[in-house]
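**Q** So I've got this file, start-v1.pdb, and it contains PDB, C-alpha atoms:
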MODEL        1
ATOM      1  CA  MET A   1     -27.717   2.971  17.971
ATOM      2  CA  ALA A   2     -28.998   5.307  20.673
ATOM      3  CA  ARG A   3     -29.102   4.098  24.254
ATOM      4  CA  PRO A   4     -32.461   4.055  26.019
ATOM      5  CA  PRO A   5     -32.796   6.889  28.514
ATOM      6  CA  VAL A   6     -31.940   6.307  32.137
ATOM      7  CA  PHE A   7     -34.462   8.130  34.274
ATOM      8  CA  SER A   8     -33.628   9.784  37.569
ATOM      9  CA  ALA A   9     -35.734   9.053  40.647
ATOM     10  CA  ALA A  10     -37.523  12.387  40.191
ATOM     11  CA  GLU A  11     -38.308  11.598  36.546
ATOM     12  CA  LYS A  12     -39.700   8.184  37.513
ATOM     13  CA  GLN A  13     -41.937   9.899  40.050
ATOM     14  CA  ARG A  14     -43.238  12.279  37.370
ATOM     15  CA  ILE A  15     -43.918   9.374  35.025
ATOM     16  CA  VAL A  16     -45.867   7.452  37.685
ATOM     17  CA  LEU A  17     -47.883  10.554  38.610
ATOM     18  CA  SER A  18     -48.696  11.009  34.926
ATOM     19  CA  VAL A  19     -50.010   7.438  34.653
ATOM     20  CA  LEU A  20     -52.096   7.821  37.819
ATOM     21  CA  ARG A  21     -53.763  10.996  36.516
ATOM     22  CA  HIS A  22     -55.858   8.676  34.365
ATOM     23  CA  GLY A  23     -57.146   6.604  37.286
ATOM     24  CA  ASP A  24     -56.179   4.211  40.035
ATOM     25  CA  ARG A  25     -53.824   1.415  39.003
ATOM     26  CA  TYR A  26     -52.067  -1.476  40.669
ATOM     27  CA  GLY A  27     -48.284  -1.754  40.512
ATOM     28  CA  PHE A  28     -47.846  -4.080  37.546
ATOM     29  CA  GLU A  29     -50.532  -2.189  35.633
ATOM     30  CA  ILE A  30     -48.489   1.016  36.010
ATOM     31  CA  TYR A  31     -45.430  -0.840  34.730
ATOM     32  CA  LYS A  32     -47.366  -2.086  31.682
ATOM     33  CA  SER A  33     -48.753   1.416  30.990
ATOM     34  CA  ILE A  34     -45.241   2.856  30.876
ATOM     35  CA  ARG A  35     -43.947   0.023  28.691
ATOM     36  CA  ASP A  36     -46.907   0.265  26.316
ATOM     37  CA  ALA A  37     -46.688   4.076  26.066
ATOM     38  CA  THR A  38     -43.184   3.678  24.610
ATOM     39  CA  GLY A  39     -44.222   0.947  22.226
ATOM     40  CA  GLY A  40     -42.188  -1.505  24.283
ATOM     41  CA  SER A  41     -38.951   0.335  23.551
ATOM     42  CA  HIS A  42     -38.396   1.287  27.187
ATOM     43  CA  GLU A  43     -39.211  -0.302  30.503
ATOM     44  CA  ILE A  44     -38.559   0.794  34.050
ATOM     45  CA  LYS A  45     -37.693  -2.186  36.226
ATOM     46  CA  GLU A  46     -40.538  -3.253  38.479
ATOM     47  CA  ALA A  47     -38.351  -3.213  41.605
ATOM     48  CA  THR A  48     -37.400   0.384  40.846
ATOM     49  CA  LEU A  49     -41.048   1.309  40.376
ATOM     50  CA  TYR A  50     -42.047  -0.171  43.737
ATOM     51  CA  ALA A  51     -39.395   1.995  45.411
ATOM     52  CA  THR A  52     -40.900   4.951  43.519
ATOM     53  CA  TYR A  53     -44.417   4.088  44.760
ATOM     54  CA  ARG A  54     -43.162   3.992  48.372
ATOM     55  CA  ARG A  55     -41.411   7.355  47.976
ATOM     56  CA  LEU A  56     -44.492   8.961  46.419
ATOM     57  CA  GLU A  57     -46.696   7.603  49.181
ATOM     58  CA  LYS A  58     -44.281   8.789  51.894
ATOM     59  CA  ASP A  59     -44.346  12.270  50.320
ATOM     60  CA  GLY A  60     -48.171  12.288  50.270
ATOM     61  CA  LEU A  61     -48.365  12.421  46.468
ATOM     62  CA  VAL A  62     -50.124   9.054  46.130
ATOM     63  CA  GLU A  63     -52.244   6.867  48.374
ATOM     64  CA  SER A  64     -52.459   3.086  48.282
ATOM     65  CA  TYR A  65     -55.220   0.649  49.129
ATOM     66  CA  TRP A  66     -55.823  -3.048  48.776
ATOM     67  CA  GLY A  67     -58.258  -4.158  46.115
ATOM     68  CA  ASP A  68     -60.487  -7.216  46.236
ATOM     69  CA  GLU A  69     -58.951 -10.590  45.503
ATOM     70  CA  THR A  70     -59.264 -11.402  41.825
ATOM     71  CA  GLN A  71     -57.543 -14.267  40.067
ATOM     72  CA  GLY A  72     -55.037 -14.891  42.836
ATOM     73  CA  GLY A  73     -53.787 -12.531  45.497
ATOM     74  CA  ARG A  74     -54.958  -9.090  46.447
ATOM     75  CA  ARG A  75     -53.523  -6.196  44.515
ATOM     76  CA  LYS A  76     -52.266  -2.965  45.981
ATOM     77  CA  TYR A  77     -53.699  -0.013  44.068
ATOM     78  CA  TYR A  78     -52.320   3.501  43.907
ATOM     79  CA  ARG A  79     -54.169   6.769  43.393
ATOM     80  CA  ILE A  80     -52.845  10.268  42.930
ATOM     81  CA  THR A  81     -53.691  12.775  45.678
ATOM     82  CA  ASP A  82     -54.545  16.446  45.248
ATOM     83  CA  ALA A  83     -50.984  17.232  46.347
ATOM     84  CA  GLY A  84     -49.722  14.811  43.678
ATOM     85  CA  ARG A  85     -51.801  16.541  41.004
ATOM     86  CA  ALA A  86     -50.404  19.926  42.059
ATOM     87  CA  VAL A  87     -46.817  18.642  41.964
ATOM     88  CA  TYR A  88     -47.424  17.006  38.596
ATOM     89  CA  GLY A  89     -48.837  20.253  37.160
ATOM     90  CA  GLY A  90     -45.799  22.193  38.355
ATOM     91  CA  ASN A  91     -43.493  19.565  36.903
ATOM     92  CA  VAL A  92     -45.164  19.774  33.492
ATOM     93  CA  THR A  93     -44.843  23.558  33.457
ATOM     94  CA  ALA A  94     -41.148  23.309  34.383
ATOM     95  CA  TRP A  95     -40.559  20.570  31.780
ATOM     96  CA  ILE A  96     -42.109  22.637  28.986
ATOM     97  CA  ALA A  97     -39.884  25.608  29.867
ATOM     98  CA  THR A  98     -36.800  23.367  30.092
ATOM     99  CA  ARG A  99     -37.603  21.697  26.792
ATOM    100  CA  ARG A 100     -37.912  25.063  25.039
ATOM    101  CA  ILE A 101     -34.515  26.124  26.355
ATOM    102  CA  ILE A 102     -32.814  22.857  25.394
ATOM    103  CA  ASP A 103     -34.427  22.837  21.949
ATOM    104  CA  SER A 104     -33.268  26.401  21.316
ATOM    105  CA  LEU A 105     -29.734  25.667  22.564
ATOM    106  CA  LEU A 106     -29.517  22.622  20.331
ATOM    107  CA  ASP A 107     -31.150  24.590  17.522
ATOM    108  CA  ILE A 108     -33.797  21.903  17.106
ATOM    109  CA  LYS A 109     -36.954  22.646  15.192
ATOM    110  CA  THR A 110     -39.872  20.236  15.235
ATOM    111  CA  THR A 111     -39.411  19.676  11.500
ATOM    112  CA  ASP A 112     -35.693  18.877  12.028
ATOM    113  CA  VAL A 113     -36.350  15.872  14.238
ATOM    114  CA  LYS A 114     -36.371  12.593  12.370
ATOM    115  CA  GLU A 115     -37.066   9.178  13.787
ATOM    116  CA  PRO A 116     -34.049   6.854  13.744
ATOM    117  CA  ARG A 117     -34.232   3.970  11.322
ATOM    118  CA  SER A 118     -34.581   0.496  12.766
TER     119      SER A 118
ENDMDL
END
Please express the file's structure as structure tokens.

**A**
Amino acid sequence: MARPPVFSAAEKQRIVLSVLRHGDRYGFEIYKSIRDATGGSHEIKEATLYATYRRLEKDGLVESYWGDETQGGRRKYYRITDAGRAVYGGNVTAWIATRRIIDSLLDIKTTDVKEPRS
């Protein structure tokens, strides 16, 4: 059975920026979006994500603000900045180029890839 991927800090930042491209989200909502996008097969620990949010904010790639109190405490929301969108776009371009190289080195064709059986 294949191990779930372990993402680097930079990869976690790219994933969070990708989620925030679709709109402002609070921390746990970002976590759920990532979990749901993988069909529940992969989760990034919440504590790790909060460290990622702080790093992104420090780098000026996201901004945070407090939302109104709803059903309990106030939630801290995150939004992607223009700088974050630019970094994300560059990351996607680099990822596509890297993926092409890796696929060619591994001699992988789209039709060759089969989903593992459960």

**Q** Give me, please, the distance in Å between atom CA of Tyr65 of chain A and atom CA of Thr81 of chain A, quoted to one decimal.

**A**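 Interatomic distance here is 12.7 Å.
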
**Q** Go through the shown structure with the PyMOL selection byres ((chain A and resi 75) around 10) and write out the matching residues as a PyMOL selection string.

**A** chain A and resi 25-28+65-70+72-74+76-78

**Q** So how far away is atom CA of Leu20 of chain A from atom CA of Ser33 of chain A, in Å?

**A** 9.9 Å

**Q** Report, in Å to a single decimal, how far apart atom CA of Asn91 of chain A and atom CA of Gly60 of chain A are.

**A**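 Pair atom CA of Gly60 of chain A / atom CA of Asn91 of chain A returns 15.9 Å.
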
**Q** As a ChimeraX atom specification, please: the residues near Ser18 of chain A (cut-off 10 Å, all atoms listed in the file, same-chain neighbours under 6 positions excluded).

**A** /A:12,34,80,84-85,88-89,92

**Q** Identify which of the residues A:Ile30, A:Ala9, A:Arg100, A:Ala83 lies closest to Leu61 of chain A, counting all atoms listed in the file when measuring atom-to-atom distances.

**A**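 Smallest distance to Leu61 of chain A is found for A:Ala83.
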
**Q** Can you turn the PyMOL selection byres ((chain A and resi 13) around 9) into a concrete residue list for this file, as JSON, numbers by chain?

**A** {"A": [8, 9, 10, 11, 12, 14, 15, 16, 17, 18, 49, 52, 53, 55, 56]}

**Q** Taking all atoms of segment 96-108 of chain A that the file lists, what box with edges along x, y and z, padded by 6 Å per side, do you get, with centre and edge lengths in Å to one decimal, as AutoDock Vina command-line options?

**A**
--center_x -35.8 --center_y 24.0 --center_z 23.6 --size_x 24.6 --size_y 16.7 --size_z 25.0

**Q** Compare A:Arg21, A:Thr38, A:Glu63, A:Tyr31 by their minimum atom-to-atom distance to Tyr50 of chain A, counting only C-alpha atoms, and give me the closest one.

**A** A:Tyr31

**Q** Save segment 65-113 of chain A of the structure in the block above to a file, with N, CA and C atoms included, as a short mmCIF file (atom, residue, chain, number, x, y, z; two decimals), in the first residue's frame.

**A**
data_model
loop_
_atom_site.label_atom_id
_atom_site.label_comp_id
_atom_site.auth_asym_id
_atom_site.auth_seq_id
_atom_site.Cartn_x
_atom_site.Cartn_y
_atom_site.Cartn_z
N TYR A 65 -8.14 38.57 8.85
CA TYR A 65 -9.05 39.50 9.53
C TYR A 65 -10.02 38.67 10.36
N TRP A 66 -10.57 39.32 11.36
CA TRP A 66 -11.53 38.64 12.23
C TRP A 66 -12.93 38.82 11.69
N GLY A 67 -13.64 37.71 11.58
CA GLY A 67 -15.03 37.76 11.14
C GLY A 67 -15.95 38.02 12.33
N ASP A 68 -17.23 38.18 12.04
CA ASP A 68 -18.22 38.38 13.09
C ASP A 68 -18.39 37.09 13.88
N GLU A 69 -18.81 37.23 15.12
CA GLU A 69 -19.07 36.05 15.94
C GLU A 69 -20.29 35.33 15.41
N THR A 70 -20.13 34.06 15.14
CA THR A 70 -21.24 33.21 14.71
C THR A 70 -21.09 31.86 15.38
N GLN A 71 -22.11 31.42 16.03
CA GLN A 71 -22.12 30.12 16.69
C GLN A 71 -20.85 29.89 17.49
N GLY A 72 -20.59 30.75 18.44
CA GLY A 72 -19.40 30.60 19.27
C GLY A 72 -18.45 31.76 19.10
N GLY A 73 -17.17 31.46 19.07
CA GLY A 73 -16.15 32.50 18.99
C GLY A 73 -15.97 33.08 17.61
N ARG A 74 -15.21 34.16 17.58
CA ARG A 74 -14.90 34.80 16.30
C ARG A 74 -13.92 33.93 15.53
N ARG A 75 -14.03 33.99 14.23
CA ARG A 75 -13.15 33.21 13.37
C ARG A 75 -12.18 34.13 12.64
N LYS A 76 -10.96 33.66 12.52
CA LYS A 76 -9.96 34.42 11.78
C LYS A 76 -10.00 33.93 10.34
N TYR A 77 -10.25 34.86 9.43
CA TYR A 77 -10.34 34.56 8.01
C TYR A 77 -9.04 34.95 7.31
N TYR A 78 -8.77 34.24 6.23
CA TYR A 78 -7.58 34.52 5.42
C TYR A 78 -8.01 34.81 4.00
N ARG A 79 -7.28 35.75 3.38
CA ARG A 79 -7.53 36.05 1.96
C ARG A 79 -6.20 36.15 1.26
N ILE A 80 -6.18 35.74 0.01
CA ILE A 80 -4.95 35.81 -0.78
C ILE A 80 -4.75 37.25 -1.25
N THR A 81 -3.51 37.71 -1.25
CA THR A 81 -3.18 39.06 -1.73
C THR A 81 -2.79 38.99 -3.20
N ASP A 82 -2.62 40.15 -3.81
CA ASP A 82 -2.15 40.17 -5.20
C ASP A 82 -0.78 39.51 -5.31
N ALA A 83 0.07 39.75 -4.31
CA ALA A 83 1.40 39.11 -4.30
C ALA A 83 1.24 37.59 -4.20
N GLY A 84 0.28 37.13 -3.40
CA GLY A 84 0.02 35.70 -3.27
C GLY A 84 -0.46 35.09 -4.57
N ARG A 85 -1.31 35.82 -5.29
CA ARG A 85 -1.78 35.33 -6.60
C ARG A 85 -0.63 35.22 -7.59
N ALA A 86 0.27 36.20 -7.56
CA ALA A 86 1.43 36.17 -8.47
C ALA A 86 2.34 35.00 -8.14
N VAL A 87 2.60 34.78 -6.86
CA VAL A 87 3.45 33.65 -6.45
C VAL A 87 2.78 32.34 -6.83
N TYR A 88 1.49 32.24 -6.59
CA TYR A 88 0.76 31.02 -6.94
C TYR A 88 0.86 30.74 -8.45
N GLY A 89 0.66 31.76 -9.27
CA GLY A 89 0.75 31.58 -10.71
C GLY A 89 2.12 31.08 -11.14
N GLY A 90 3.17 31.66 -10.57
CA GLY A 90 4.52 31.20 -10.87
C GLY A 90 4.75 29.77 -10.42
N ASN A 91 4.19 29.42 -9.27
CA ASN A 91 4.33 28.05 -8.77
C ASN A 91 3.65 27.04 -9.69
N VAL A 92 2.48 27.40 -10.20
CA VAL A 92 1.76 26.48 -11.09
C VAL A 92 2.57 26.27 -12.37
N THR A 93 3.09 27.34 -12.92
CA THR A 93 3.90 27.24 -14.14
C THR A 93 5.11 26.33 -13.89
N ALA A 94 5.79 26.53 -12.77
CA ALA A 94 6.95 25.70 -12.43
C ALA A 94 6.54 24.25 -12.21
N TRP A 95 5.40 24.03 -11.56
CA TRP A 95 4.93 22.66 -11.30
C TRP A 95 4.63 21.93 -12.60
N ILE A 96 3.98 22.60 -13.53
CA ILE A 96 3.65 21.97 -14.81
C ILE A 96 4.93 21.55 -15.53
N ALA A 97 5.93 22.42 -15.55
CA ALA A 97 7.20 22.08 -16.20
C ALA A 97 7.87 20.91 -15.48
N THR A 98 7.88 20.94 -14.15
CA THR A 98 8.49 19.86 -13.37
C THR A 98 7.77 18.55 -13.61
N ARG A 99 6.46 18.60 -13.64
CA ARG A 99 5.67 17.38 -13.85
C ARG A 99 5.97 16.77 -15.21
N ARG A 100 6.09 17.60 -16.24
CA ARG A 100 6.42 17.09 -17.57
C ARG A 100 7.77 16.37 -17.57
N ILE A 101 8.74 16.96 -16.90
CA ILE A 101 10.07 16.36 -16.84
C ILE A 101 10.02 15.03 -16.09
N ILE A 102 9.38 15.02 -14.93
CA ILE A 102 9.30 13.78 -14.15
C ILE A 102 8.54 12.70 -14.91
N ASP A 103 7.41 13.07 -15.51
CA ASP A 103 6.64 12.09 -16.28
C ASP A 103 7.48 11.51 -17.41
N SER A 104 8.25 12.36 -18.09
CA SER A 104 9.06 11.84 -19.20
C SER A 104 10.20 10.97 -18.68
N LEU A 105 10.80 11.33 -17.56
CA LEU A 105 11.88 10.51 -16.99
C LEU A 105 11.37 9.17 -16.49
N LEU A 106 10.17 9.15 -15.98
CA LEU A 106 9.57 7.90 -15.52
C LEU A 106 8.85 7.16 -16.64
N ASP A 107 8.85 7.78 -17.82
CA ASP A 107 8.17 7.22 -18.99
C ASP A 107 6.71 6.93 -18.69
N ILE A 108 6.05 7.90 -18.08
CA ILE A 108 4.64 7.78 -17.72
C ILE A 108 3.79 8.49 -18.76
N LYS A 109 2.83 7.79 -19.27
CA LYS A 109 1.84 8.37 -20.17
C LYS A 109 0.52 8.43 -19.38
N THR A 110 -0.30 9.37 -19.70
CA THR A 110 -1.57 9.51 -18.98
C THR A 110 -2.35 8.20 -19.00
N THR A 111 -2.30 7.49 -20.12
CA THR A 111 -3.06 6.24 -20.23
C THR A 111 -2.42 5.11 -19.44
N ASP A 112 -1.13 5.28 -19.04
CA ASP A 112 -0.43 4.24 -18.27
C ASP A 112 -0.80 4.26 -16.79
N VAL A 113 -1.28 5.40 -16.31
CA VAL A 113 -1.54 5.55 -14.89
C VAL A 113 -2.85 4.91 -14.53
#
